[in-house]
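To keep things clear, I will list the structure first and then write my remarks on it.
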Amino acid sequence: MLLYWKIRFFKRPSWNTEITVKTWAREFARVSSFRDFEAYDEEGKIVAIATTEWVLIDNQKGTIGKITEEMAARYEMDSKTVFEEKIVSKLKTPENMKQVYEYTAKRRDIDVNHHVNNGIYLELAYDAFPNNIKIKFDNLEIYYKKQIKLGETVSIFYLNEENSHIVCIKSKDERTIHAVLKFF
């Protein structure tokens, strides 16, 4: 299950541009693994890079499982990383965020893992931005903390801070953080 991702756009491809994506396993830890990506346009110029962190989920128990050496050995590893700076997969939630709206997860939002699809989090964030914000960011980070299930109502919070836009998705009672998204 996807835990974290960070993406940086260098160029926005025009509609119908053929994109080539290269990806590789970078590292395996006890309970998580990392995968990096590079996207190239038709001319072979890099248009975006990304890194992701994944956790293994035991479908029977619904808990995080341990990645064994045998599992990791199935992947060809490459130590190359697309980001020079250290990746921090636990984004902080600022204290002074303002609640923008509430949302109840609908059937159309649910993926094959029976929780809200990762792309829906971007839509929830988009709806939290003030109308005067031009949505064209070159950098994006998302940290998923707890999955949202069908019928669950969440509160969406927004803050513009130091040239970045932060959206936090919390449980209705605000005790549980489901995800933090940062756009800059």
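Chain labels A, B, ... are given in the sequence in which chains occur in the structure tokens; within each chain residues are numbered consecutively from 1, and ligands are likewise numbered from 1 in the order shown.
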What's around range 97-106 of chain A at 12 Å? Count only C-alpha atoms, leave out sequence neighbours fewer than 2 positions away in its own chain, and write the answer as an MDAnalysis selection string. chainID A and resid 92:95 108:111 114:117 120:121 123:130 147:161 165:174 180
Keeping only N, CA and C atoms, write the selected residues to a file as a compact mmCIF listing (two decimals), in the first residue's frame.
# COMPACT_ATOMS: atom_id res chain seq x y z
N LYS A 92 4.63 17.21 8.44
CA LYS A 92 4.08 17.80 9.67
C LYS A 92 2.76 18.51 9.36
N THR A 93 1.87 18.50 10.33
CA THR A 93 0.60 19.20 10.20
C THR A 93 0.68 20.49 11.01
N PRO A 94 0.62 21.64 10.33
CA PRO A 94 0.65 22.91 11.06
C PRO A 94 -0.55 23.03 12.01
N GLU A 95 -0.35 23.76 13.08
CA GLU A 95 -1.39 23.92 14.10
C GLU A 95 -2.53 24.83 13.67
N ARG A 108 -18.02 5.57 -5.47
CA ARG A 108 -17.16 5.84 -6.63
C ARG A 108 -15.72 6.16 -6.23
N ASP A 109 -15.49 6.52 -4.96
CA ASP A 109 -14.16 6.87 -4.47
C ASP A 109 -13.33 5.65 -4.07
N ILE A 110 -13.97 4.51 -3.93
CA ILE A 110 -13.35 3.33 -3.34
C ILE A 110 -12.60 2.51 -4.40
N ASP A 111 -11.40 2.04 -4.05
CA ASP A 111 -10.61 1.22 -4.97
C ASP A 111 -10.70 -0.26 -4.61
N HIS A 114 -10.64 -1.51 -1.02
CA HIS A 114 -11.78 -1.13 -0.18
C HIS A 114 -11.55 0.13 0.65
N HIS A 115 -10.75 1.03 0.13
CA HIS A 115 -10.58 2.34 0.76
C HIS A 115 -10.52 3.39 -0.34
N VAL A 116 -10.56 4.66 0.05
CA VAL A 116 -10.55 5.76 -0.92
C VAL A 116 -9.28 5.70 -1.76
N ASN A 117 -9.45 5.78 -3.07
CA ASN A 117 -8.35 5.75 -4.03
C ASN A 117 -7.42 6.95 -3.83
N ILE A 120 -8.26 10.41 -5.32
CA ILE A 120 -9.35 11.17 -4.71
C ILE A 120 -8.81 12.18 -3.70
N TYR A 121 -7.72 11.84 -3.03
CA TYR A 121 -7.11 12.77 -2.07
C TYR A 121 -6.71 14.07 -2.77
N GLU A 123 -8.21 15.33 -5.41
CA GLU A 123 -9.45 16.04 -5.68
C GLU A 123 -9.96 16.75 -4.42
N LEU A 124 -9.86 16.09 -3.28
CA LEU A 124 -10.27 16.70 -2.02
C LEU A 124 -9.42 17.94 -1.73
N ALA A 125 -8.12 17.84 -1.98
CA ALA A 125 -7.22 18.97 -1.77
C ALA A 125 -7.55 20.11 -2.73
N TYR A 126 -7.79 19.78 -3.97
CA TYR A 126 -8.12 20.79 -4.98
C TYR A 126 -9.33 21.61 -4.54
N ASP A 127 -10.35 20.93 -4.02
CA ASP A 127 -11.56 21.62 -3.57
C ASP A 127 -11.33 22.47 -2.32
N ALA A 128 -10.23 22.24 -1.61
CA ALA A 128 -9.92 23.02 -0.41
C ALA A 128 -9.23 24.34 -0.73
N PHE A 129 -8.60 24.44 -1.91
CA PHE A 129 -7.88 25.66 -2.27
C PHE A 129 -8.84 26.83 -2.47
N PRO A 130 -8.43 28.02 -2.03
CA PRO A 130 -9.24 29.21 -2.31
C PRO A 130 -9.38 29.40 -3.82
N GLN A 147 -6.20 5.07 6.13
CA GLN A 147 -7.11 5.00 4.99
C GLN A 147 -8.52 5.47 5.35
N ILE A 148 -9.20 6.00 4.34
CA ILE A 148 -10.59 6.43 4.49
C ILE A 148 -11.47 5.34 3.88
N LYS A 149 -12.48 4.93 4.59
CA LYS A 149 -13.38 3.86 4.15
C LYS A 149 -14.70 4.43 3.63
N LEU A 150 -15.44 3.61 2.92
CA LEU A 150 -16.75 3.97 2.37
C LEU A 150 -17.67 4.48 3.48
N GLY A 151 -18.31 5.62 3.23
CA GLY A 151 -19.26 6.19 4.18
C GLY A 151 -18.64 7.02 5.29
N GLU A 152 -17.32 7.01 5.39
CA GLU A 152 -16.64 7.77 6.44
C GLU A 152 -16.62 9.26 6.07
N THR A 153 -16.93 10.12 7.03
CA THR A 153 -16.89 11.56 6.83
C THR A 153 -15.59 12.11 7.37
N VAL A 154 -14.93 12.92 6.55
CA VAL A 154 -13.65 13.52 6.93
C VAL A 154 -13.76 15.04 6.85
N SER A 155 -12.89 15.71 7.60
CA SER A 155 -12.80 17.17 7.59
C SER A 155 -11.55 17.56 6.82
N ILE A 156 -11.70 18.54 5.94
CA ILE A 156 -10.60 18.98 5.10
C ILE A 156 -10.14 20.36 5.58
N PHE A 157 -8.82 20.49 5.85
CA PHE A 157 -8.23 21.72 6.36
C PHE A 157 -7.23 22.25 5.35
N TYR A 158 -7.04 23.58 5.35
CA TYR A 158 -6.13 24.23 4.39
C TYR A 158 -5.31 25.31 5.09
N LEU A 159 -4.07 25.48 4.60
CA LEU A 159 -3.21 26.56 5.08
C LEU A 159 -2.22 26.93 3.98
N ASN A 160 -2.06 28.23 3.74
CA ASN A 160 -1.02 28.74 2.86
C ASN A 160 0.11 29.18 3.78
N GLU A 161 1.28 28.55 3.64
CA GLU A 161 2.39 28.81 4.55
C GLU A 161 3.72 28.79 3.79
N HIS A 165 1.23 25.30 -0.06
CA HIS A 165 -0.17 25.10 0.28
C HIS A 165 -0.29 23.72 0.91
N ILE A 166 -0.83 23.68 2.11
CA ILE A 166 -0.92 22.42 2.84
C ILE A 166 -2.38 22.08 3.07
N VAL A 167 -2.74 20.85 2.78
CA VAL A 167 -4.08 20.35 3.02
C VAL A 167 -3.96 19.15 3.95
N CYS A 168 -4.77 19.14 4.97
CA CYS A 168 -4.78 18.03 5.91
C CYS A 168 -6.19 17.44 5.92
N ILE A 169 -6.26 16.13 5.82
CA ILE A 169 -7.54 15.43 5.85
C ILE A 169 -7.59 14.67 7.17
N LYS A 170 -8.57 15.04 8.00
CA LYS A 170 -8.71 14.44 9.33
C LYS A 170 -10.08 13.78 9.47
N SER A 171 -10.19 12.94 10.49
CA SER A 171 -11.49 12.38 10.82
C SER A 171 -12.43 13.50 11.23
N LYS A 172 -13.72 13.24 11.19
CA LYS A 172 -14.71 14.27 11.51
C LYS A 172 -14.48 14.84 12.91
N ASP A 173 -14.07 13.99 13.86
CA ASP A 173 -13.81 14.45 15.22
C ASP A 173 -12.41 15.07 15.38
N GLU A 174 -11.64 15.10 14.29
CA GLU A 174 -10.31 15.69 14.21
C GLU A 174 -9.24 14.98 15.04
N VAL A 180 -1.75 14.11 4.71
CA VAL A 180 -1.25 15.49 4.62
C VAL A 180 -0.71 15.66 3.21
In range 67-110 of chain A, what's strand (DSSP E or B) per DSSP? Answer as an MDAnalysis selection string? chainID A and resid 77 98:104 110
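Comparing A:Val82, A:Ala39, A:Leu3, A:Ile57 by their smallest distance to Thr17 in chain A, the closest is A:Ala39 (using only C-alpha atoms).
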Between CA of Ser164 in chain A and CA of Lys182 in chain A, measure the distance and give it in Å to one decimal. 6.7 Å
From the list A:Lys146, A:Arg74, A:Arg30, A:Lys136, which residue is nearest Leu2 in chain A when using only C-alpha atoms?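 So, comparing all the options, the nearest one is A:Lys146.
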